[in-house]
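Source file: coords_28.csv. Holds: CSV, C-alpha atoms.
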```csv
chain,number,residue,atom,x,y,z
A,10,MET,CA,38.2,32.1,92.7
A,11,LEU,CA,36.7,32.0,89.3
A,12,PHE,CA,34.9,35.4,89.5
A,13,THR,CA,35.8,38.6,91.3
A,14,GLY,CA,33.0,40.5,92.9
A,15,GLU,CA,33.1,43.0,90.0
A,16,GLU,CA,32.9,40.3,87.4
A,17,ILE,CA,29.9,38.6,89.0
A,18,VAL,CA,28.1,41.9,89.5
A,19,ASP,CA,28.7,42.6,85.8
A,20,GLU,CA,27.2,39.2,84.8
A,21,LEU,CA,24.2,39.6,87.0
A,22,THR,CA,23.6,43.2,85.9
A,23,GLN,CA,23.7,42.1,82.2
A,24,ILE,CA,21.0,39.5,82.8
A,25,GLY,CA,18.8,41.9,84.7
A,26,VAL,CA,19.0,40.6,88.2
A,27,THR,CA,17.4,43.1,90.7
A,28,HIS,CA,18.0,41.3,94.0
A,29,ALA,CA,20.7,39.0,95.3
A,30,ILE,CA,19.5,36.9,98.3
A,31,TRP,CA,22.5,35.4,100.0
A,32,ILE,CA,24.3,33.7,102.7
A,33,PRO,CA,28.0,33.9,101.9
A,34,ASP,CA,30.7,31.3,102.4
A,35,ASN,CA,34.4,32.1,102.5
A,36,THR,CA,34.6,32.1,98.7
A,37,LEU,CA,31.3,33.8,97.8
A,38,GLY,CA,31.9,36.3,100.6
A,39,ALA,CA,34.6,38.0,98.6
A,40,TRP,CA,31.8,39.4,96.4
A,41,GLU,CA,30.2,41.3,99.3
A,42,ASP,CA,31.6,44.8,98.6
A,43,ALA,CA,30.8,44.6,94.9
A,44,LEU,CA,27.2,43.4,95.6
A,45,VAL,CA,26.7,46.1,98.1
A,46,SER,CA,28.0,48.7,95.6
A,47,ALA,CA,26.0,47.4,92.7
A,48,ALA,CA,23.8,50.2,91.4
A,49,SER,CA,21.0,48.0,90.1
A,50,ILE,CA,21.1,45.0,92.5
A,51,GLU,CA,19.8,45.0,96.1
A,52,LEU,CA,21.6,42.6,98.4
A,53,LEU,CA,19.3,40.8,100.8
A,54,ARG,CA,20.9,39.1,103.8
A,55,ILE,CA,18.9,36.2,105.2
A,56,CYS,CA,19.5,34.1,108.3
A,57,ARG,CA,19.0,30.6,106.9
A,58,GLU,CA,18.9,29.3,103.4
A,59,GLY,CA,15.3,28.0,103.8
A,60,GLU,CA,14.1,31.6,103.7
A,61,ALA,CA,15.8,32.2,100.4
A,62,TRP,CA,13.5,30.2,98.1
A,63,PRO,CA,10.1,31.7,99.3
A,64,MET,CA,11.6,35.2,99.4
A,65,ALA,CA,12.8,34.8,95.8
A,66,ALA,CA,9.3,33.5,94.9
A,67,GLY,CA,7.7,36.6,96.4
A,68,LEU,CA,10.0,38.8,94.4
A,69,VAL,CA,9.3,36.9,91.2
A,70,MET,CA,5.6,36.9,91.8
A,71,GLY,CA,5.9,40.7,92.3
A,72,GLY,CA,7.7,41.2,89.0
A,73,ARG,CA,11.3,41.3,90.0
A,74,THR,CA,14.3,39.2,89.1
A,75,PRO,CA,16.1,37.8,92.1
A,76,ILE,CA,19.0,35.3,92.3
A,77,LEU,CA,20.0,33.2,95.2
A,78,ILE,CA,23.7,32.9,96.2
A,79,MET,CA,24.6,30.2,98.8
A,80,GLN,CA,26.9,27.3,99.4
A,81,THR,CA,26.0,23.6,98.7
A,82,THR,CA,25.5,23.2,102.4
A,83,GLY,CA,22.7,25.8,102.2
A,84,LEU,CA,21.2,24.0,99.2
A,85,PHE,CA,21.0,20.9,101.3
A,86,GLU,CA,19.5,22.7,104.3
A,87,SER,CA,16.9,24.4,102.2
A,88,GLY,CA,15.7,21.3,100.3
A,89,ASP,CA,12.1,21.5,101.5
A,90,ALA,CA,11.8,25.1,100.6
A,91,LEU,CA,13.3,24.4,97.2
A,92,ARG,CA,10.8,21.6,96.6
A,93,ASN,CA,7.9,23.7,97.7
A,94,ILE,CA,8.7,26.7,95.6
A,95,LEU,CA,9.9,25.1,92.4
A,96,PHE,CA,7.5,22.2,92.3
A,97,ASP,CA,4.4,23.1,94.4
A,98,LEU,CA,4.2,26.8,93.7
A,99,LYS,CA,6.0,26.4,90.4
A,100,VAL,CA,7.8,29.7,90.6
A,101,PRO,CA,11.1,29.7,88.6
A,102,VAL,CA,14.1,30.7,90.6
A,103,ILE,CA,17.8,31.0,89.5
A,104,ALA,CA,20.7,30.5,91.8
A,105,ILE,CA,24.5,30.3,92.1
A,106,ILE,CA,25.5,27.6,94.4
A,107,GLY,CA,29.1,27.6,95.6
A,108,ALA,CA,30.3,24.0,95.4
A,109,ARG,CA,32.6,23.6,98.4
A,110,ASN,CA,35.9,21.7,97.7
A,111,TRP,CA,34.9,21.0,94.1
A,112,LEU,CA,38.4,22.0,92.9
A,113,ASN,CA,40.1,19.9,95.6
A,114,ALA,CA,40.5,16.6,93.8
A,115,ASP,CA,41.4,14.7,97.0
A,116,SER,CA,38.6,16.1,99.1
A,117,ARG,CA,36.2,13.7,100.8
A,118,ASP,CA,33.9,16.5,101.7
A,119,THR,CA,30.4,15.1,101.6
A,120,ALA,CA,29.2,18.6,100.6
A,121,LYS,CA,31.1,17.9,97.3
A,122,THR,CA,30.0,14.3,97.1
A,123,TYR,CA,26.3,15.0,97.2
A,124,ALA,CA,26.1,18.2,95.3
A,125,GLU,CA,25.2,16.8,91.9
A,126,PRO,CA,23.3,13.7,93.2
A,127,ILE,CA,21.0,16.1,95.1
A,128,LEU,CA,20.4,18.4,92.2
A,129,ASN,CA,19.7,15.4,90.0
A,130,ALA,CA,17.3,14.0,92.5
A,131,TRP,CA,15.4,17.2,92.6
A,132,GLY,CA,15.5,17.3,88.8
A,133,VAL,CA,16.8,20.9,88.8
A,134,ASP,CA,18.6,21.9,85.7
A,135,TYR,CA,22.2,23.0,86.4
A,136,ARG,CA,25.5,23.8,84.8
A,137,VAL,CA,28.9,23.3,86.5
A,138,VAL,CA,31.3,26.2,86.2
A,139,ALA,CA,34.7,24.9,87.1
A,140,SER,CA,37.2,26.6,84.9
A,141,GLU,CA,37.9,29.8,83.0
A,142,LYS,CA,36.4,28.3,79.8
A,143,ASP,CA,33.2,27.6,81.6
A,144,LYS,CA,32.7,31.1,82.8
A,145,PRO,CA,30.4,32.3,79.9
A,146,LEU,CA,27.9,29.7,81.1
A,147,VAL,CA,26.8,31.9,83.9
A,148,ASN,CA,25.5,34.5,81.5
A,149,GLU,CA,24.3,32.1,78.8
A,150,PHE,CA,22.5,29.6,81.1
A,151,LEU,CA,20.9,32.0,83.5
A,152,SER,CA,19.8,34.2,80.6
A,153,GLU,CA,18.1,31.2,79.0
A,154,CYS,CA,16.4,30.3,82.3
A,155,LEU,CA,15.0,33.8,82.7
A,156,GLN,CA,13.9,34.0,79.1
A,157,ASP,CA,12.2,30.6,79.4
A,158,GLN,CA,10.8,31.3,82.9
A,159,ARG,CA,12.4,28.1,84.3
A,160,SER,CA,14.6,27.4,87.3
A,161,GLY,CA,18.3,26.9,86.9
A,162,ILE,CA,21.4,26.6,89.1
A,163,ILE,CA,25.0,27.4,88.4
A,164,LEU,CA,27.2,25.1,90.5
A,165,LEU,CA,30.2,27.2,90.9
A,166,ALA,CA,33.4,25.3,91.8
A,167,GLU,CA,35.2,26.4,94.9
B,16,MET,CA,-2.1,43.3,127.2
B,17,GLU,CA,-0.3,40.5,129.1
B,18,PRO,CA,-1.1,37.3,127.2
B,19,GLN,CA,-0.6,34.2,129.2
B,20,LYS,CA,-1.4,30.7,128.4
B,21,HIS,CA,-4.7,30.6,130.3
B,22,MET,CA,-5.9,34.1,129.5
B,23,SER,CA,-8.7,34.9,127.1
B,24,ARG,CA,-8.2,34.4,123.5
B,25,ILE,CA,-9.8,35.6,120.3
B,26,PRO,CA,-11.8,32.9,118.4
B,27,PHE,CA,-9.7,32.1,115.4
B,28,ARG,CA,-12.4,32.9,112.8
B,29,ASP,CA,-13.2,36.2,114.6
B,30,ALA,CA,-9.6,37.3,114.5
B,31,LEU,CA,-9.5,36.7,110.7
B,32,GLN,CA,-12.9,38.2,110.1
B,33,THR,CA,-11.8,41.4,111.9
B,34,LEU,CA,-8.8,41.6,109.7
B,35,ALA,CA,-10.7,40.8,106.5
B,36,ASP,CA,-13.2,43.7,107.3
B,37,ALA,CA,-10.3,46.1,107.8
B,38,ARG,CA,-8.0,45.3,104.9
B,39,LYS,CA,-7.9,47.8,102.1
B,40,ASN,CA,-8.7,46.9,98.6
B,41,SER,CA,-5.1,47.3,97.5
B,42,ASP,CA,-3.7,45.2,100.4
B,43,VAL,CA,-2.1,41.9,99.6
B,44,VAL,CA,-3.0,39.1,102.1
B,45,ILE,CA,-0.8,36.0,102.3
B,46,THR,CA,-2.1,33.1,104.4
B,47,ASN,CA,-0.7,29.7,105.1
B,48,GLN,CA,-1.3,26.5,107.2
B,49,GLY,CA,-4.4,27.0,109.3
B,50,SER,CA,-5.2,30.5,108.1
B,51,ALA,CA,-5.1,29.2,104.5
B,52,ARG,CA,-8.0,27.0,105.3
B,53,VAL,CA,-10.1,29.4,107.3
B,54,TRP,CA,-9.6,32.7,105.5
B,55,PRO,CA,-11.3,31.5,102.2
B,56,LEU,CA,-14.3,30.6,104.3
B,57,ILE,CA,-14.8,34.2,105.3
B,58,ALA,CA,-13.3,36.3,102.5
B,59,THR,CA,-12.3,36.2,98.9
B,60,HIS,CA,-10.3,38.9,97.2
B,61,PRO,CA,-8.1,38.8,94.0
B,62,LEU,CA,-5.1,39.9,96.1
B,63,ASP,CA,-5.4,37.0,98.6
B,64,PHE,CA,-2.8,34.3,98.1
B,65,HIS,CA,-3.2,31.1,100.1
B,66,PHE,CA,0.3,29.6,100.3
B,67,ASN,CA,-0.7,26.0,100.8
B,68,PRO,CA,1.0,23.6,100.8
B,69,SER,CA,3.8,25.7,102.0
B,70,THR,CA,7.2,24.9,103.5
B,71,MET,CA,6.7,25.7,107.2
B,72,GLY,CA,8.1,29.1,108.0
B,73,GLY,CA,8.0,30.1,104.3
B,74,ALA,CA,5.1,32.6,104.4
B,75,ILE,CA,6.9,35.5,106.0
B,76,PRO,CA,9.9,35.3,103.5
B,77,LEU,CA,7.4,35.0,100.6
B,78,ALA,CA,5.5,38.1,101.9
B,79,THR,CA,8.8,39.9,102.4
B,80,GLY,CA,9.7,39.3,98.7
B,81,LEU,CA,6.3,40.5,97.6
B,82,ALA,CA,6.6,43.6,99.8
B,83,LEU,CA,10.0,44.4,98.3
B,84,ALA,CA,8.7,43.9,94.8
B,85,GLN,CA,5.6,45.9,95.3
B,86,PRO,CA,6.5,48.7,97.7
B,87,GLU,CA,3.4,50.7,97.0
B,88,ARG,CA,1.2,48.0,98.4
B,89,ASN,CA,0.8,46.8,102.0
B,90,VAL,CA,1.5,43.1,102.3
B,91,ILE,CA,-0.2,41.4,105.2
B,92,VAL,CA,1.1,37.9,106.1
B,93,LEU,CA,-0.7,35.6,108.5
B,94,SER,CA,1.6,33.1,110.3
B,95,GLY,CA,0.9,30.6,113.0
B,96,ASP,CA,3.2,30.2,115.9
B,97,GLY,CA,4.3,26.8,114.8
B,98,SER,CA,5.4,28.2,111.4
B,99,LEU,CA,7.1,31.2,112.9
B,100,LEU,CA,9.0,29.0,115.3
B,101,MET,CA,10.4,27.1,112.3
B,102,SER,CA,12.0,30.3,111.0
B,103,LEU,CA,12.4,32.9,113.7
B,104,GLY,CA,15.3,34.3,111.7
B,105,SER,CA,12.8,35.4,109.0
B,106,LEU,CA,11.8,38.2,111.3
B,107,VAL,CA,15.3,39.4,111.3
B,108,SER,CA,15.6,39.1,107.5
B,109,SER,CA,12.4,41.0,107.0
B,110,VAL,CA,13.5,43.9,109.1
B,111,ALA,CA,16.9,43.9,107.5
B,112,ALA,CA,15.2,44.1,104.1
B,113,ARG,CA,13.6,47.4,105.3
B,114,CYS,CA,10.1,46.4,104.3
B,115,ARG,CA,8.1,49.3,105.6
B,116,ASN,CA,5.0,47.9,103.8
B,117,LEU,CA,5.0,44.5,105.6
B,118,THR,CA,2.6,43.5,108.3
B,119,VAL,CA,3.1,40.2,110.1
B,120,ILE,CA,0.0,38.9,111.9
B,121,LEU,CA,1.0,36.1,114.3
B,122,LEU,CA,-1.9,33.8,115.1
B,123,ASP,CA,-0.7,32.2,118.2
B,124,ASN,CA,-2.8,29.3,119.5
B,125,ASP,CA,0.1,27.5,121.2
B,126,ARG,CA,-0.3,24.4,119.0
B,127,TYR,CA,0.3,22.8,115.7
B,128,ASP,CA,-3.3,23.2,114.5
B,129,VAL,CA,-3.1,21.4,111.1
B,130,THR,CA,-1.6,18.3,112.6
B,131,GLY,CA,-4.2,17.8,115.3
B,132,GLY,CA,-3.3,20.3,118.0
B,133,GLN,CA,0.0,19.1,119.4
B,134,ASP,CA,2.0,21.4,121.6
B,135,THR,CA,4.9,23.3,120.2
B,136,ALA,CA,8.3,23.6,121.9
B,137,ALA,CA,7.1,27.0,123.1
B,138,THR,CA,3.7,26.1,124.5
B,139,ASP,CA,4.7,26.0,128.1
B,140,LEU,CA,7.2,28.9,127.9
B,141,ASN,CA,4.9,31.9,127.8
B,142,MET,CA,7.1,33.2,125.1
B,143,ARG,CA,6.9,36.9,124.4
B,144,PHE,CA,6.7,37.2,120.6
B,145,ASP,CA,6.1,40.9,120.9
B,146,ASP,CA,9.3,41.5,122.9
B,147,MET,CA,11.1,39.4,120.3
B,148,ALA,CA,9.7,41.5,117.4
B,149,ARG,CA,10.6,44.7,119.2
B,150,ALA,CA,14.1,43.4,119.8
B,151,VAL,CA,14.5,42.6,116.1
B,152,GLY,CA,13.5,46.1,115.2
B,153,PHE,CA,9.9,46.0,114.0
B,154,GLU,CA,8.7,49.6,114.1
B,155,SER,CA,5.2,48.9,115.3
B,156,VAL,CA,4.4,46.0,117.6
B,157,SER,CA,1.1,45.2,119.2
B,158,THR,CA,-0.5,42.4,121.2
B,159,TYR,CA,-4.1,41.3,121.5
B,160,CYS,CA,-5.9,38.6,123.4
B,161,ASP,CA,-9.5,39.7,123.1
B,162,GLY,CA,-11.7,40.4,120.1
B,163,PRO,CA,-13.1,43.8,121.0
B,164,HIS,CA,-9.6,45.4,121.4
B,165,TRP,CA,-8.4,43.8,118.2
B,166,GLN,CA,-11.5,45.1,116.4
B,167,ARG,CA,-11.0,48.5,117.9
B,168,ASP,CA,-7.4,48.8,116.9
B,169,VAL,CA,-7.0,46.8,113.7
B,170,GLU,CA,-7.2,49.8,111.3
B,171,SER,CA,-4.5,51.7,113.2
B,172,VAL,CA,-2.4,48.5,113.4
B,173,LEU,CA,-2.5,48.3,109.6
B,174,GLN,CA,-1.7,52.0,109.2
B,175,ALA,CA,1.1,52.2,111.7
B,176,THR,CA,4.7,52.7,110.7
B,177,GLY,CA,6.1,49.6,109.2
B,178,PRO,CA,7.3,47.0,109.4
B,179,ARG,CA,4.5,45.9,111.7
B,180,PHE,CA,4.1,42.9,113.9
B,181,SER,CA,0.9,42.1,115.7
B,182,TRP,CA,0.7,39.1,118.1
B,183,LEU,CA,-2.8,37.7,118.4
B,184,LYS,CA,-3.5,35.1,121.1
B,185,VAL,CA,-6.2,33.0,119.4
B,186,GLU,CA,-8.2,29.9,120.1
B,187,ALA,CA,-7.6,26.8,118.0
B,188,ALA,CA,-9.4,26.9,114.7
B,189,LEU,CA,-12.7,25.0,114.6
B,190,PRO,CA,-12.2,21.4,113.3
B,191,ASP,CA,-14.8,21.8,110.6
B,192,ASP,CA,-13.1,25.0,109.4
B,193,MET,CA,-9.9,23.0,108.9
B,194,LYS,CA,-11.4,20.3,106.6
B,195,THR,CA,-11.3,22.1,103.3
B,196,PRO,CA,-8.0,23.0,101.7
B,197,PRO,CA,-7.8,26.2,99.8
B,198,GLU,CA,-7.9,26.5,96.0
B,199,PRO,CA,-4.7,24.9,94.6
B,200,MET,CA,-1.9,27.3,94.2
B,201,TRP,CA,-1.7,26.8,90.4
B,202,LYS,CA,-5.3,28.0,90.1
B,203,GLN,CA,-4.6,31.0,92.2
B,204,GLN,CA,-1.4,32.1,90.4
B,205,SER,CA,-2.9,33.7,87.3
B,206,ARG,CA,-5.7,35.5,89.2
B,207,PHE,CA,-3.2,36.8,91.8
B,208,HIS,CA,-0.7,37.9,89.1
B,209,GLU,CA,-3.3,39.8,87.2
B,210,ALA,CA,-4.5,41.5,90.4
B,211,LEU,CA,-1.0,42.5,91.4
B,212,ASN,CA,-0.3,44.0,88.1
B,213,ALA,CA,-3.7,45.7,87.5
```

Any chance you could give the structure as structure tokens?
Amino acid sequence: MLFTGEEIVDELTQIGVTHAIWIPDNTLGAWEDALVSAASIELLRICREGEAWPMAAGLVMGGRTPILIMQTTGLFESGDALRNILFDLKVPVIAIIGARNWLNADSRDTAKTYAEPILNAWGVDYRVVASEKDKPLVNEFLSECLQDQRSGIILLAE
Amino acid sequence: MEPQKHMSRIPFRDALQTLADARKNSDVVITNQGSARVWPLIATHPLDFHFNPSTMGGAIPLATGLALAQPERNVIVLSGDGSLLMSLGSLVSSVAARCRNLTVILLDNDRYDVTGGQDTAATDLNMRFDDMARAVGFESVSTYCDGPHWQRDVESVLQATGPRFSWLKVEAALPDDMKTPPEPMWKQQSRFHEALNA
């Protein structure tokens, strides 16, 4: 795991995140205790990823700074909501997407195969964080997105 | 009230007119699908946002986010039954988020209005959306299938302990009322943003 819960909370706190909307997978799930304990971040548990994008939009429209945390499978599931919020409503949303099996070179997991093609098809700007040297990208890229009021996704290798 | 498929229903426009008359000046109203087309015909307010085109089932999560971001305002969201069926879990997420300032108004006409009135999967089931809302944990749940009772109670519904869920059995919207789409969202954004932050 590239980030411990405490490390990710530190990154999100630094960039001013107020709400983390999430459905965990078995990698991201390890962050739960730290997110629950985070003083300046409210953890919002949803039932299906399609809820996440409009919920984030409501928070952004109301002046807050949410981030979505979900797995690539959830990204695929929530494609219509992503399309509607980012391209119809034009509300910028940032997200960390756990890229299942990214670090498993031999994996034929289609959730790995389609992660980048799907993001490219949507035209959503993203950065892959797959090693220790990539870790500063989380702060740098998401800060830029927030400053420029544009959407962006961290594809976090699992 | 015991709403059943063949019981009386509130005319769609009347249900919305009653709500429009009762909403407070500081209340946010989020419409989508059918209500996004009819509401602008009867009311305009800077804190109205017509979420159209919207991902079906997206209005309640959007309103939940707004309610969390603006806890001093009541956020009223109008959802059709078809949209709610697309995202029943959003009721759970809203309650889990502890949005006491959220009011969900379910406009249930047992059909997909905007696509021409086809049945939903629930049309023949006499589904109890009010029981579902109670089971999820909405603090205040009410049910109406006639206009006079809805008109009598609407203010108390909006002031009850939240989160609130009100199930209205309504007639299909009038075809002429469905012809005009609301103002494009990009045109609404700046006005809505200014009103929210006024």

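Counting from atom CA of A:Val137, the distance to atom CA of B:Pro76 is 28.2 Å.
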
Counting all atoms listed in the file, give me one row per residue of stretch 94-151 of chain A with an atom at most 12 Å from an atom of stretch 37-42 of chain A, showing the shortest contact pair and its distance in Å to one decimal, sorted by chain then residue number, as JSON lines.
```
{"residue": "A:Ile105", "atom": "CA", "partner": "A:Leu37", "partner_atom": "CA", "distance": 9.5}
{"residue": "A:Ile106", "atom": "CA", "partner": "A:Leu37", "partner_atom": "CA", "distance": 9.1}
{"residue": "A:Gly107", "atom": "CA", "partner": "A:Leu37", "partner_atom": "CA", "distance": 6.9}
{"residue": "A:Ala108", "atom": "CA", "partner": "A:Leu37", "partner_atom": "CA", "distance": 10.1}
{"residue": "A:Arg109", "atom": "CA", "partner": "A:Leu37", "partner_atom": "CA", "distance": 10.3}
```

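One distance worth recording is that between atom CA of A:Leu68 and atom CA of B:Leu81, which is 5.2 Å.
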
What residues in chain A lie within 6 Å of chain B, counting all atoms listed in the file, written as a JSON list (two decimals) with C-alpha atoms, keeping the file's coordinate frame?
```json
[["chain", "number", "residue", "atom", "x", "y", "z"],
["A", 55, "ILE", "CA", 18.90, 36.20, 105.20],
["A", 56, "CYS", "CA", 19.50, 34.10, 108.30],
["A", 60, "GLU", "CA", 14.10, 31.60, 103.70],
["A", 63, "PRO", "CA", 10.10, 31.70, 99.30],
["A", 64, "MET", "CA", 11.60, 35.20, 99.40],
["A", 67, "GLY", "CA", 7.70, 36.60, 96.40],
["A", 68, "LEU", "CA", 10.00, 38.80, 94.40],
["A", 71, "GLY", "CA", 5.90, 40.70, 92.30],
["A", 90, "ALA", "CA", 11.80, 25.10, 100.60],
["A", 93, "ASN", "CA", 7.90, 23.70, 97.70]]
```

What is the atom CA of A:Val26-atom CA of A:Gln80 distance in Å, reported with one decimal?
19.1 Å

Near stretch 159-171 of chain B, counting only C-alpha atoms, which residues have an atom at most 12 Å away, once you skip same-chain residues fewer than 2 positions from it, shown as a PDB file with C-alpha atoms, in the frame of the given file?
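Result file result37.pdb:
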```
ATOM      1  CA  MET B  16      -2.100  43.300 127.200  1.00  0.00           C
ATOM      2  CA  GLU B  17      -0.300  40.500 129.100  1.00  0.00           C
ATOM      3  CA  PRO B  18      -1.100  37.300 127.200  1.00  0.00           C
ATOM      4  CA  GLN B  19      -0.600  34.200 129.200  1.00  0.00           C
ATOM      5  CA  LYS B  20      -1.400  30.700 128.400  1.00  0.00           C
ATOM      6  CA  HIS B  21      -4.700  30.600 130.300  1.00  0.00           C
ATOM      7  CA  MET B  22      -5.900  34.100 129.500  1.00  0.00           C
ATOM      8  CA  SER B  23      -8.700  34.900 127.100  1.00  0.00           C
ATOM      9  CA  ARG B  24      -8.200  34.400 123.500  1.00  0.00           C
ATOM     10  CA  ILE B  25      -9.800  35.600 120.300  1.00  0.00           C
ATOM     11  CA  PRO B  26     -11.800  32.900 118.400  1.00  0.00           C
ATOM     12  CA  PHE B  27      -9.700  32.100 115.400  1.00  0.00           C
ATOM     13  CA  ARG B  28     -12.400  32.900 112.800  1.00  0.00           C
ATOM     14  CA  ASP B  29     -13.200  36.200 114.600  1.00  0.00           C
ATOM     15  CA  ALA B  30      -9.600  37.300 114.500  1.00  0.00           C
ATOM     16  CA  LEU B  31      -9.500  36.700 110.700  1.00  0.00           C
ATOM     17  CA  GLN B  32     -12.900  38.200 110.100  1.00  0.00           C
ATOM     18  CA  THR B  33     -11.800  41.400 111.900  1.00  0.00           C
ATOM     19  CA  LEU B  34      -8.800  41.600 109.700  1.00  0.00           C
ATOM     20  CA  ALA B  35     -10.700  40.800 106.500  1.00  0.00           C
ATOM     21  CA  ASP B  36     -13.200  43.700 107.300  1.00  0.00           C
ATOM     22  CA  ALA B  37     -10.300  46.100 107.800  1.00  0.00           C
ATOM     23  CA  ARG B  38      -8.000  45.300 104.900  1.00  0.00           C
ATOM     24  CA  LYS B  39      -7.900  47.800 102.100  1.00  0.00           C
ATOM     25  CA  THR B 118       2.600  43.500 108.300  1.00  0.00           C
ATOM     26  CA  ILE B 120       0.000  38.900 111.900  1.00  0.00           C
ATOM     27  CA  LEU B 121       1.000  36.100 114.300  1.00  0.00           C
ATOM     28  CA  LEU B 122      -1.900  33.800 115.100  1.00  0.00           C
ATOM     29  CA  ASP B 123      -0.700  32.200 118.200  1.00  0.00           C
ATOM     30  CA  ASN B 124      -2.800  29.300 119.500  1.00  0.00           C
ATOM     31  CA  PHE B 144       6.700  37.200 120.600  1.00  0.00           C
ATOM     32  CA  ASP B 145       6.100  40.900 120.900  1.00  0.00           C
ATOM     33  CA  SER B 155       5.200  48.900 115.300  1.00  0.00           C
ATOM     34  CA  VAL B 156       4.400  46.000 117.600  1.00  0.00           C
ATOM     35  CA  SER B 157       1.100  45.200 119.200  1.00  0.00           C
ATOM     36  CA  LEU B 173      -2.500  48.300 109.600  1.00  0.00           C
ATOM     37  CA  GLN B 174      -1.700  52.000 109.200  1.00  0.00           C
ATOM     38  CA  ALA B 175       1.100  52.200 111.700  1.00  0.00           C
ATOM     39  CA  THR B 176       4.700  52.700 110.700  1.00  0.00           C
ATOM     40  CA  GLY B 177       6.100  49.600 109.200  1.00  0.00           C
ATOM     41  CA  ARG B 179       4.500  45.900 111.700  1.00  0.00           C
ATOM     42  CA  PHE B 180       4.100  42.900 113.900  1.00  0.00           C
ATOM     43  CA  SER B 181       0.900  42.100 115.700  1.00  0.00           C
ATOM     44  CA  TRP B 182       0.700  39.100 118.100  1.00  0.00           C
ATOM     45  CA  LEU B 183      -2.800  37.700 118.400  1.00  0.00           C
ATOM     46  CA  LYS B 184      -3.500  35.100 121.100  1.00  0.00           C
ATOM     47  CA  VAL B 185      -6.200  33.000 119.400  1.00  0.00           C
ATOM     48  CA  GLU B 186      -8.200  29.900 120.100  1.00  0.00           C
TER      49      GLU B 186
END
```

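Among the candidates B:Asp192, B:Glu209, B:Glu154, B:Glu198, the one nearest to B:His65 when counting all atoms listed in the file is B:Glu198.
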
Under the rule that only C-alpha atoms are counted, which of A:Leu128, A:Ile162, A:Ile76, A:Ala29 is the nearest residue to A:Ile50?
A:Ala29

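The closest residue to A:Glu20, picked from A:Ser49, A:Trp131, A:Arg159, A:Ala139 and counting all atoms listed in the file, is A:Ser49.
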
Would you list the contacts of A:Leu112 as a ChimeraX atom specification, taking every protein, DNA or RNA residue within 10 Å and counting only C-alpha atoms, but skipping same-chain residues closer than 3 positions in sequence?
/A:108-109,115-116,121,139-140,165-167

Give me the stretch 10-100 of chain A side of the contact with stretch 143-152 of chain A, cut-off 12 Å, one line per residue showing its nearest atom pair and distance in Å at one decimal, counting all atoms listed in the file, sorted by chain and residue number, as a Markdown table.
```
| residue | atom | partner | partner_atom | distance |
| --- | --- | --- | --- | --- |
| A:Met10 | CA | A:Lys144 | CA | 11.4 |
| A:Leu11 | CA | A:Lys144 | CA | 7.7 |
| A:Phe12 | CA | A:Lys144 | CA | 8.3 |
| A:Thr13 | CA | A:Lys144 | CA | 11.8 |
| A:Glu16 | CA | A:Lys144 | CA | 10.3 |
| A:Ile17 | CA | A:Val147 | CA | 9.0 |
| A:Val18 | CA | A:Asn148 | CA | 11.2 |
| A:Asp19 | CA | A:Asn148 | CA | 9.7 |
| A:Glu20 | CA | A:Asn148 | CA | 6.0 |
| A:Leu21 | CA | A:Asn148 | CA | 7.6 |
| A:Thr22 | CA | A:Asn148 | CA | 9.9 |
| A:Gln23 | CA | A:Asn148 | CA | 7.8 |
| A:Ile24 | CA | A:Ser152 | CA | 5.9 |
| A:Gly25 | CA | A:Ser152 | CA | 8.8 |
| A:Val26 | CA | A:Ser152 | CA | 10.0 |
| A:Thr74 | CA | A:Leu151 | CA | 11.3 |
| A:Pro75 | CA | A:Leu151 | CA | 11.4 |
| A:Ile76 | CA | A:Leu151 | CA | 9.6 |
| A:Leu77 | CA | A:Leu151 | CA | 11.8 |
```

Please determine an axis-aligned box that encloses all atoms of stretch 85-90 of chain A listed in the file, with 4 Å added on each side, and express its centre and edge lengths in Å to one decimal as JSON.
```
{"center_x": 16.4, "center_y": 23.0, "center_z": 102.3, "size_x": 17.2, "size_y": 12.2, "size_z": 12.0}
```
